[in-house]
Amino acid sequence: MTIVVTTPTGHVGSRVVRLLLQAGVRPRVLVRDADRLDGETRERVEVRQGDLTDAGFVREAVAGAGNVFWADPTPHTTADPVEVSLATAAPLAAAARAGDVGRVVLLSSVGAEKRHGVGHIDALGRIEAELDATGVDVLHLRCGYFFTNLLLDVEGLARGVLTTAFDPSRPMPWVDPRDIGDVVAARLLAGDWRGRVVQAVHGPEDLSFEQVAGILTEALGRTVRVEPVGDDAVRQALFAAGLPASAVEGIVGMAAGSRGLVPEQSRDVLTTTPTRLAGWAHAELRPVVEKADGS
């Protein structure tokens, strides 16, 4: 059984590859630059080097796969990110319709169930629908807010500021991407699920940004306060950074469209994963923040 893994050097994909190797599976990895794989991993996987926006490459690379893990590689900063995401996933859907793919595990997101009005997440909702229409067995993993998103503003955290456009007092699911990788690998290896399946990955607990600031204060050994910002302020900052309007609205829409959202799946034994933010922040975030401020 061939298992294909996209984004094998990402936070989730790298974990999936490691677990598959430890399970005795030699996965086929689709990667833009094979040199980004560490040497030991590169020796143990089947490498297909190419661009996931190249329809011919994707179609050939997934052909004959028993299982495909698909993670959309489109950066939020891309012009027309929704359309690029859809175009990138189109060859996978075509392969599924043609019977070239057995099953797909899609890295989706909380909010994709809305299908519209959640910025770049709209693309995931539409990819879900496209894969559903193929008739292939498909698992949509609706994931919470990644711990690793905190790495996007290390300089702010070094100053003790946690900036957010989300409602700072409203709890929402936070999850370690490595835990998502655990779920992905387990599902890729399991042989007894069929049809269309939706499973959330909510992390261990729902947290507001205010609660996160408290956790980071302890884990980072410095006071961290929340600084809420409005949508217009985010737009101005993104435009000032040179992003095109479509990318700006895709980013702003993710926070704006998620306000008041109740995830379609409840928190239960299937959707709750173990890694807590405090431990992750102390082990992974604190060294990066300390390096940023020279402490």
# chains A, B, ... in the order shown; residues from 1 in each chain; ligands from 1
>>> select_by_dssp(residues="region 125-252 of chain A", states="alpha helix (DSSP H)", output="ChimeraX atom specification")
/A:125-134,154-158,177-189,209-220,231-240,245-252
>>> closest_atom_pairs(of="region 57-161 of chain A", to="region 247-252 of chain A", cutoff="8 Å", atoms="only C-alpha atoms", output="JSON lines")
{"residue": "A:His76", "atom": "CA", "partner": "A:Ala247", "partner_atom": "CA", "distance": 6.3}
{"residue": "A:Thr77", "atom": "CA", "partner": "A:Ala247", "partner_atom": "CA", "distance": 5.2}
{"residue": "A:Thr78", "atom": "CA", "partner": "A:Ala247", "partner_atom": "CA", "distance": 5.8}
{"residue": "A:Ala79", "atom": "CA", "partner": "A:Ala247", "partner_atom": "CA", "distance": 5.3}
{"residue": "A:Asp80", "atom": "CA", "partner": "A:Ala247", "partner_atom": "CA", "distance": 6.1}
{"residue": "A:Pro81", "atom": "CA", "partner": "A:Ala247", "partner_atom": "CA", "distance": 6.2}
{"residue": "A:Val82", "atom": "CA", "partner": "A:Gly250", "partner_atom": "CA", "distance": 7.6}
{"residue": "A:Val118", "atom": "CA", "partner": "A:Gly250", "partner_atom": "CA", "distance": 7.7}
{"residue": "A:Gly119", "atom": "CA", "partner": "A:Gly250", "partner_atom": "CA", "distance": 4.0}
{"residue": "A:His120", "atom": "CA", "partner": "A:Gly250", "partner_atom": "CA", "distance": 4.5}
{"residue": "A:Ile121", "atom": "CA", "partner": "A:Gly250", "partner_atom": "CA", "distance": 7.9}
>>> write_last_selection(atoms="all heavy atoms", output="PDB file, in the first residue's frame")
ATOM      1  N   HIS A  76      -0.824  32.110   3.135  1.00  0.00           N
ATOM      2  CA  HIS A  76      -1.900  33.095   3.278  1.00  0.00           C
ATOM      3  C   HIS A  76      -1.577  34.390   2.542  1.00  0.00           C
ATOM      4  O   HIS A  76      -2.484  35.154   2.203  1.00  0.00           O
ATOM      5  CB  HIS A  76      -2.142  33.409   4.759  1.00  0.00           C
ATOM      6  CG  HIS A  76      -2.595  32.234   5.560  1.00  0.00           C
ATOM      7  ND1 HIS A  76      -3.552  31.345   5.124  1.00  0.00           N
ATOM      8  CD2 HIS A  76      -2.224  31.813   6.802  1.00  0.00           C
ATOM      9  CE1 HIS A  76      -3.749  30.423   6.044  1.00  0.00           C
ATOM     10  NE2 HIS A  76      -2.957  30.685   7.064  1.00  0.00           N
ATOM     11  N   THR A  77      -0.298  34.639   2.311  1.00  0.00           N
ATOM     12  CA  THR A  77       0.133  35.893   1.697  1.00  0.00           C
ATOM     13  C   THR A  77       0.060  35.865   0.168  1.00  0.00           C
ATOM     14  O   THR A  77       0.344  36.875  -0.483  1.00  0.00           O
ATOM     15  CB  THR A  77       1.579  36.207   2.114  1.00  0.00           C
ATOM     16  OG1 THR A  77       2.407  35.071   1.818  1.00  0.00           O
ATOM     17  CG2 THR A  77       1.655  36.506   3.611  1.00  0.00           C
ATOM     18  N   THR A  78      -0.307  34.750  -0.409  1.00  0.00           N
ATOM     19  CA  THR A  78      -0.391  34.616  -1.858  1.00  0.00           C
ATOM     20  C   THR A  78      -1.532  35.462  -2.424  1.00  0.00           C
ATOM     21  O   THR A  78      -2.597  35.571  -1.812  1.00  0.00           O
ATOM     22  CB  THR A  78      -0.639  33.139  -2.228  1.00  0.00           C
ATOM     23  OG1 THR A  78       0.468  32.363  -1.765  1.00  0.00           O
ATOM     24  CG2 THR A  78      -0.794  32.950  -3.730  1.00  0.00           C
ATOM     25  N   ALA A  79      -1.326  36.028  -3.578  1.00  0.00           N
ATOM     26  CA  ALA A  79      -2.420  36.716  -4.263  1.00  0.00           C
ATOM     27  C   ALA A  79      -3.496  35.698  -4.642  1.00  0.00           C
ATOM     28  O   ALA A  79      -3.184  34.603  -5.112  1.00  0.00           O
ATOM     29  CB  ALA A  79      -1.898  37.423  -5.506  1.00  0.00           C
ATOM     30  N   ASP A  80      -4.756  36.048  -4.408  1.00  0.00           N
ATOM     31  CA  ASP A  80      -5.888  35.158  -4.682  1.00  0.00           C
ATOM     32  C   ASP A  80      -5.701  33.800  -4.012  1.00  0.00           C
ATOM     33  O   ASP A  80      -5.747  32.749  -4.672  1.00  0.00           O
ATOM     34  CB  ASP A  80      -6.089  34.967  -6.186  1.00  0.00           C
ATOM     35  CG  ASP A  80      -6.369  36.275  -6.906  1.00  0.00           C
ATOM     36  OD1 ASP A  80      -7.181  37.067  -6.389  1.00  0.00           O
ATOM     37  OD2 ASP A  80      -5.774  36.507  -7.978  1.00  0.00           O
ATOM     38  N   PRO A  81      -5.513  33.771  -2.694  1.00  0.00           N
ATOM     39  CA  PRO A  81      -5.163  32.510  -2.026  1.00  0.00           C
ATOM     40  C   PRO A  81      -6.235  31.433  -2.154  1.00  0.00           C
ATOM     41  O   PRO A  81      -5.904  30.252  -2.284  1.00  0.00           O
ATOM     42  CB  PRO A  81      -4.961  32.929  -0.565  1.00  0.00           C
ATOM     43  CG  PRO A  81      -5.725  34.208  -0.417  1.00  0.00           C
ATOM     44  CD  PRO A  81      -5.610  34.887  -1.743  1.00  0.00           C
ATOM     45  N   VAL A  82      -7.508  31.805  -2.125  1.00  0.00           N
ATOM     46  CA  VAL A  82      -8.560  30.796  -2.248  1.00  0.00           C
ATOM     47  C   VAL A  82      -8.480  30.109  -3.605  1.00  0.00           C
ATOM     48  O   VAL A  82      -8.522  28.871  -3.711  1.00  0.00           O
ATOM     49  CB  VAL A  82      -9.955  31.420  -2.032  1.00  0.00           C
ATOM     50  CG1 VAL A  82     -11.062  30.417  -2.371  1.00  0.00           C
ATOM     51  CG2 VAL A  82     -10.112  31.899  -0.595  1.00  0.00           C
ATOM     52  N   VAL A 118     -15.065  32.885   5.764  1.00  0.00           N
ATOM     53  CA  VAL A 118     -13.998  32.671   6.737  1.00  0.00           C
ATOM     54  C   VAL A 118     -12.630  32.855   6.070  1.00  0.00           C
ATOM     55  O   VAL A 118     -11.666  32.164   6.369  1.00  0.00           O
ATOM     56  CB  VAL A 118     -14.099  31.266   7.378  1.00  0.00           C
ATOM     57  CG1 VAL A 118     -13.384  31.241   8.726  1.00  0.00           C
ATOM     58  CG2 VAL A 118     -15.533  30.826   7.559  1.00  0.00           C
ATOM     59  N   GLY A 119     -12.561  33.817   5.157  1.00  0.00           N
ATOM     60  CA  GLY A 119     -11.285  34.143   4.536  1.00  0.00           C
ATOM     61  C   GLY A 119     -10.693  32.971   3.781  1.00  0.00           C
ATOM     62  O   GLY A 119     -11.389  32.251   3.061  1.00  0.00           O
ATOM     63  N   HIS A 120      -9.397  32.770   3.955  1.00  0.00           N
ATOM     64  CA  HIS A 120      -8.701  31.710   3.235  1.00  0.00           C
ATOM     65  C   HIS A 120      -9.236  30.322   3.604  1.00  0.00           C
ATOM     66  O   HIS A 120      -9.102  29.372   2.825  1.00  0.00           O
ATOM     67  CB  HIS A 120      -7.200  31.797   3.521  1.00  0.00           C
ATOM     68  CG  HIS A 120      -6.355  30.971   2.601  1.00  0.00           C
ATOM     69  ND1 HIS A 120      -5.001  30.819   2.773  1.00  0.00           N
ATOM     70  CD2 HIS A 120      -6.664  30.227   1.499  1.00  0.00           C
ATOM     71  CE1 HIS A 120      -4.512  30.040   1.827  1.00  0.00           C
ATOM     72  NE2 HIS A 120      -5.499  29.659   1.050  1.00  0.00           N
ATOM     73  N   ILE A 121      -9.845  30.185   4.772  1.00  0.00           N
ATOM     74  CA  ILE A 121     -10.426  28.899   5.179  1.00  0.00           C
ATOM     75  C   ILE A 121     -11.561  28.501   4.234  1.00  0.00           C
ATOM     76  O   ILE A 121     -11.879  27.312   4.103  1.00  0.00           O
ATOM     77  CB  ILE A 121     -10.907  28.953   6.645  1.00  0.00           C
ATOM     78  CG1 ILE A 121      -9.706  29.132   7.581  1.00  0.00           C
ATOM     79  CG2 ILE A 121     -11.672  27.685   7.035  1.00  0.00           C
ATOM     80  CD1 ILE A 121     -10.079  29.365   9.031  1.00  0.00           C
TER      81      ILE A 121
END
>>> atom_distance(atom1="CA of Thr9 (chain A)", atom2="CA of Arg196 (chain A)")
27.3 Å
>>> residues_around(residues="Ala93 (chain A)", least_positions_apart="3", cutoff="10 Å", atoms="only C-alpha atoms", output="ChimeraX atom specification")
/A:59,86,88-90,96-101,104,127-128,130-136
>>> write_last_selection(atoms="C-alpha atoms", output="JSON list (two decimals), in the first residue's frame")
[["chain", "number", "residue", "atom", "x", "y", "z"],
["A", 59, "ARG", "CA", -1.54, 13.76, -10.89],
["A", 86, "LEU", "CA", -8.49, 25.29, -5.21],
["A", 88, "THR", "CA", -3.62, 23.24, -6.35],
["A", 89, "ALA", "CA", -6.07, 20.63, -5.03],
["A", 90, "ALA", "CA", -7.84, 20.15, -8.38],
["A", 96, "ALA", "CA", -9.78, 10.58, -7.06],
["A", 97, "ARG", "CA", -12.54, 10.75, -9.68],
["A", 98, "ALA", "CA", -10.45, 8.61, -12.01],
["A", 99, "GLY", "CA", -9.93, 5.95, -9.35],
["A", 100, "ASP", "CA", -6.20, 6.61, -9.08],
["A", 101, "VAL", "CA", -6.43, 7.28, -5.33],
["A", 104, "VAL", "CA", -7.68, 10.96, 1.17],
["A", 127, "ILE", "CA", -11.86, 21.46, -1.26],
["A", 128, "GLU", "CA", -13.87, 19.34, 1.17],
["A", 130, "GLU", "CA", -14.80, 18.83, -4.23],
["A", 131, "LEU", "CA", -13.40, 15.68, -2.64],
["A", 132, "ASP", "CA", -16.84, 14.65, -1.38],
["A", 133, "ALA", "CA", -18.16, 14.86, -4.93],
["A", 134, "THR", "CA", -15.54, 12.40, -6.20],
["A", 135, "GLY", "CA", -16.98, 9.53, -4.18],
["A", 136, "VAL", "CA", -13.55, 8.62, -2.80]]
>>> closest_residue(among="A:Ser246, A:Gln265, A:Asn67, A:Thr163", to="Arg142 (chain A)", atoms="only C-alpha atoms")
A:Gln265
>>> residues_around(residues="Val288 (chain A)", least_positions_apart="5", cutoff="9 Å", atoms="only C-alpha atoms", output="list of chain:residue names")
A:Leu151, A:Val154, A:Asp293
>>> atom_distance(atom1="CA of Pro173 (chain A)", atom2="CA of Gly203 (chain A)")
6.2 Å
>>> closest_residue(among="A:Val289, A:Val17, A:Val58, A:Ala233", to="Asp38 (chain A)", atoms="only C-alpha atoms")
A:Val17
>>> select_by_dssp(residues="region 57-231 of chain A", states="strand (DSSP E or B)", output="ChimeraX atom specification")
/A:65-70,101-109,137-143,145-146,161-164,172-175,196-201,203,206-207,225-228
>>> atom_distance(atom1="CA of Ala185 (chain A)", atom2="CA of Ala65 (chain A)")
15.1 Å
>>> residues_around(residues="region 256-259 of chain A", least_positions_apart="5", cutoff="10 Å", atoms="only C-alpha atoms", output="PyMOL selection string")
chain A and resi 110-112+114+116-119+121-122+165-167+170+172+230-231+249+251
>>> closest_residue(among="A:Ala283, A:Val16, A:Ala23, A:Leu139", to="Gly195 (chain A)", atoms="only C-alpha atoms")
A:Leu139
>>> closest_atom_pairs(of="region 85-164 of chain A", to="region 214-229 of chain A", cutoff="7 Å", atoms="only C-alpha atoms", output="tab-separated table")
residue	atom	partner	partner_atom	distance
A:Leu157	CA	A:Val224	CA	7.0
A:Gly160	CA	A:Val224	CA	4.2
A:Val161	CA	A:Arg225	CA	5.2
A:Leu162	CA	A:Val226	CA	4.7
A:Thr163	CA	A:Glu227	CA	4.7
A:Thr164	CA	A:Pro228	CA	5.1
>>> residues_around(residues="Val45 (chain A)", least_positions_apart="5", cutoff="8 Å", atoms="only C-alpha atoms", output="list in words")
Arg26, Pro27, Arg28 and Val29 of chain A
>>> closest_residue(among="A:Val68, A:Leu21, A:Ala158, A:Val62", to="Arg42 (chain A)", atoms="only C-alpha atoms")
A:Leu21
>>> closest_residue(among="A:Glu290, A:Asp176, A:Asp182, A:Glu40", to="Ala278 (chain A)", atoms="only C-alpha atoms")
A:Asp176
>>> closest_residue(among="A:Ala200, A:Trp193, A:Leu277, A:Leu270", to="Val212 (chain A)", atoms="only C-alpha atoms")
A:Leu277
>>> residues_around(residues="Pro171 (chain A)", least_positions_apart="2", cutoff="9 Å", atoms="only C-alpha atoms", output="list in words")
Asp167, Pro168, Ser169, Pro173, Glu205, Asp206, Leu207, Ser208, Phe209, Glu210 and Gln211 of chain A
>>> decode(residues="region 105-116 of chain A", atoms="all heavy atoms", output="PDB file, in the first residue's frame")
ATOM      1  N   VAL A 105      -6.869  11.804   3.280  1.00  0.00           N
ATOM      2  CA  VAL A 105      -6.976  12.484   4.572  1.00  0.00           C
ATOM      3  C   VAL A 105      -6.631  13.940   4.323  1.00  0.00           C
ATOM      4  O   VAL A 105      -5.507  14.260   3.928  1.00  0.00           O
ATOM      5  CB  VAL A 105      -6.032  11.868   5.629  1.00  0.00           C
ATOM      6  CG1 VAL A 105      -6.087  12.679   6.923  1.00  0.00           C
ATOM      7  CG2 VAL A 105      -6.397  10.418   5.899  1.00  0.00           C
ATOM      8  N   LEU A 106      -7.594  14.818   4.523  1.00  0.00           N
ATOM      9  CA  LEU A 106      -7.425  16.245   4.242  1.00  0.00           C
ATOM     10  C   LEU A 106      -7.190  17.013   5.526  1.00  0.00           C
ATOM     11  O   LEU A 106      -7.973  16.901   6.478  1.00  0.00           O
ATOM     12  CB  LEU A 106      -8.677  16.794   3.546  1.00  0.00           C
ATOM     13  CG  LEU A 106      -8.718  18.317   3.338  1.00  0.00           C
ATOM     14  CD1 LEU A 106      -7.658  18.755   2.339  1.00  0.00           C
ATOM     15  CD2 LEU A 106     -10.106  18.763   2.891  1.00  0.00           C
ATOM     16  N   LEU A 107      -6.144  17.805   5.545  1.00  0.00           N
ATOM     17  CA  LEU A 107      -5.910  18.715   6.662  1.00  0.00           C
ATOM     18  C   LEU A 107      -6.810  19.927   6.459  1.00  0.00           C
ATOM     19  O   LEU A 107      -6.496  20.821   5.668  1.00  0.00           O
ATOM     20  CB  LEU A 107      -4.446  19.137   6.722  1.00  0.00           C
ATOM     21  CG  LEU A 107      -4.058  20.037   7.900  1.00  0.00           C
ATOM     22  CD1 LEU A 107      -4.222  19.296   9.219  1.00  0.00           C
ATOM     23  CD2 LEU A 107      -2.616  20.523   7.746  1.00  0.00           C
ATOM     24  N   SER A 108      -7.926  19.952   7.160  1.00  0.00           N
ATOM     25  CA  SER A 108      -8.874  21.048   7.048  1.00  0.00           C
ATOM     26  C   SER A 108      -8.819  21.885   8.326  1.00  0.00           C
ATOM     27  O   SER A 108      -7.814  21.855   9.047  1.00  0.00           O
ATOM     28  CB  SER A 108     -10.285  20.489   6.795  1.00  0.00           C
ATOM     29  OG  SER A 108     -11.188  21.525   6.458  1.00  0.00           O
ATOM     30  N   SER A 109      -9.851  22.643   8.590  1.00  0.00           N
ATOM     31  CA  SER A 109      -9.815  23.575   9.713  1.00  0.00           C
ATOM     32  C   SER A 109     -11.203  23.772  10.290  1.00  0.00           C
ATOM     33  O   SER A 109     -12.209  23.694   9.577  1.00  0.00           O
ATOM     34  CB  SER A 109      -9.269  24.931   9.243  1.00  0.00           C
ATOM     35  OG  SER A 109      -9.387  25.923  10.250  1.00  0.00           O
ATOM     36  N   VAL A 110     -11.229  24.022  11.596  1.00  0.00           N
ATOM     37  CA  VAL A 110     -12.460  24.542  12.192  1.00  0.00           C
ATOM     38  C   VAL A 110     -12.859  25.786  11.394  1.00  0.00           C
ATOM     39  O   VAL A 110     -12.018  26.630  11.076  1.00  0.00           O
ATOM     40  CB  VAL A 110     -12.227  24.908  13.668  1.00  0.00           C
ATOM     41  CG1 VAL A 110     -13.409  25.693  14.218  1.00  0.00           C
ATOM     42  CG2 VAL A 110     -11.984  23.657  14.507  1.00  0.00           C
ATOM     43  N   GLY A 111     -14.102  25.894  11.041  1.00  0.00           N
ATOM     44  CA  GLY A 111     -14.591  27.000  10.231  1.00  0.00           C
ATOM     45  C   GLY A 111     -14.869  26.605   8.800  1.00  0.00           C
ATOM     46  O   GLY A 111     -15.645  27.269   8.112  1.00  0.00           O
ATOM     47  N   ALA A 112     -14.245  25.514   8.338  1.00  0.00           N
ATOM     48  CA  ALA A 112     -14.489  25.063   6.965  1.00  0.00           C
ATOM     49  C   ALA A 112     -15.942  24.646   6.775  1.00  0.00           C
ATOM     50  O   ALA A 112     -16.458  24.699   5.657  1.00  0.00           O
ATOM     51  CB  ALA A 112     -13.559  23.907   6.610  1.00  0.00           C
ATOM     52  N   GLU A 113     -16.595  24.251   7.859  1.00  0.00           N
ATOM     53  CA  GLU A 113     -18.006  23.847   7.754  1.00  0.00           C
ATOM     54  C   GLU A 113     -18.909  24.999   7.343  1.00  0.00           C
ATOM     55  O   GLU A 113     -20.012  24.785   6.832  1.00  0.00           O
ATOM     56  CB  GLU A 113     -18.493  23.246   9.078  1.00  0.00           C
ATOM     57  CG  GLU A 113     -18.430  24.173  10.288  1.00  0.00           C
ATOM     58  CD  GLU A 113     -17.160  23.975  11.104  1.00  0.00           C
ATOM     59  OE1 GLU A 113     -16.068  23.887  10.487  1.00  0.00           O
ATOM     60  OE2 GLU A 113     -17.258  23.934  12.339  1.00  0.00           O
ATOM     61  N   LYS A 114     -18.437  26.248   7.526  1.00  0.00           N
ATOM     62  CA  LYS A 114     -19.245  27.392   7.116  1.00  0.00           C
ATOM     63  C   LYS A 114     -19.296  27.538   5.601  1.00  0.00           C
ATOM     64  O   LYS A 114     -20.239  28.130   5.055  1.00  0.00           O
ATOM     65  CB  LYS A 114     -18.688  28.688   7.736  1.00  0.00           C
ATOM     66  CG  LYS A 114     -18.881  28.797   9.240  1.00  0.00           C
ATOM     67  CD  LYS A 114     -18.398  30.138   9.766  1.00  0.00           C
ATOM     68  CE  LYS A 114     -19.297  31.278   9.321  1.00  0.00           C
ATOM     69  NZ  LYS A 114     -18.930  32.556   9.980  1.00  0.00           N
ATOM     70  N   ARG A 115     -18.263  27.022   4.936  1.00  0.00           N
ATOM     71  CA  ARG A 115     -18.164  27.033   3.476  1.00  0.00           C
ATOM     72  C   ARG A 115     -17.921  28.421   2.878  1.00  0.00           C
ATOM     73  O   ARG A 115     -17.436  28.546   1.777  1.00  0.00           O
ATOM     74  CB  ARG A 115     -19.409  26.405   2.828  1.00  0.00           C
ATOM     75  CG  ARG A 115     -19.588  24.914   3.112  1.00  0.00           C
ATOM     76  CD  ARG A 115     -18.432  24.128   2.487  1.00  0.00           C
ATOM     77  NE  ARG A 115     -18.655  22.701   2.452  1.00  0.00           N
ATOM     78  CZ  ARG A 115     -18.018  21.814   3.221  1.00  0.00           C
ATOM     79  NH1 ARG A 115     -17.134  22.231   4.122  1.00  0.00           N
ATOM     80  NH2 ARG A 115     -18.249  20.521   3.090  1.00  0.00           N
ATOM     81  N   HIS A 116     -18.279  29.476   3.580  1.00  0.00           N
ATOM     82  CA  HIS A 116     -18.094  30.823   3.034  1.00  0.00           C
ATOM     83  C   HIS A 116     -18.027  31.821   4.180  1.00  0.00           C
ATOM     84  O   HIS A 116     -18.695  31.671   5.203  1.00  0.00           O
ATOM     85  CB  HIS A 116     -19.250  31.197   2.109  1.00  0.00           C
ATOM     86  CG  HIS A 116     -19.088  32.550   1.477  1.00  0.00           C
ATOM     87  ND1 HIS A 116     -18.122  32.813   0.519  1.00  0.00           N
ATOM     88  CD2 HIS A 116     -19.744  33.718   1.689  1.00  0.00           C
ATOM     89  CE1 HIS A 116     -18.204  34.076   0.168  1.00  0.00           C
ATOM     90  NE2 HIS A 116     -19.172  34.651   0.865  1.00  0.00           N
TER      91      HIS A 116
END
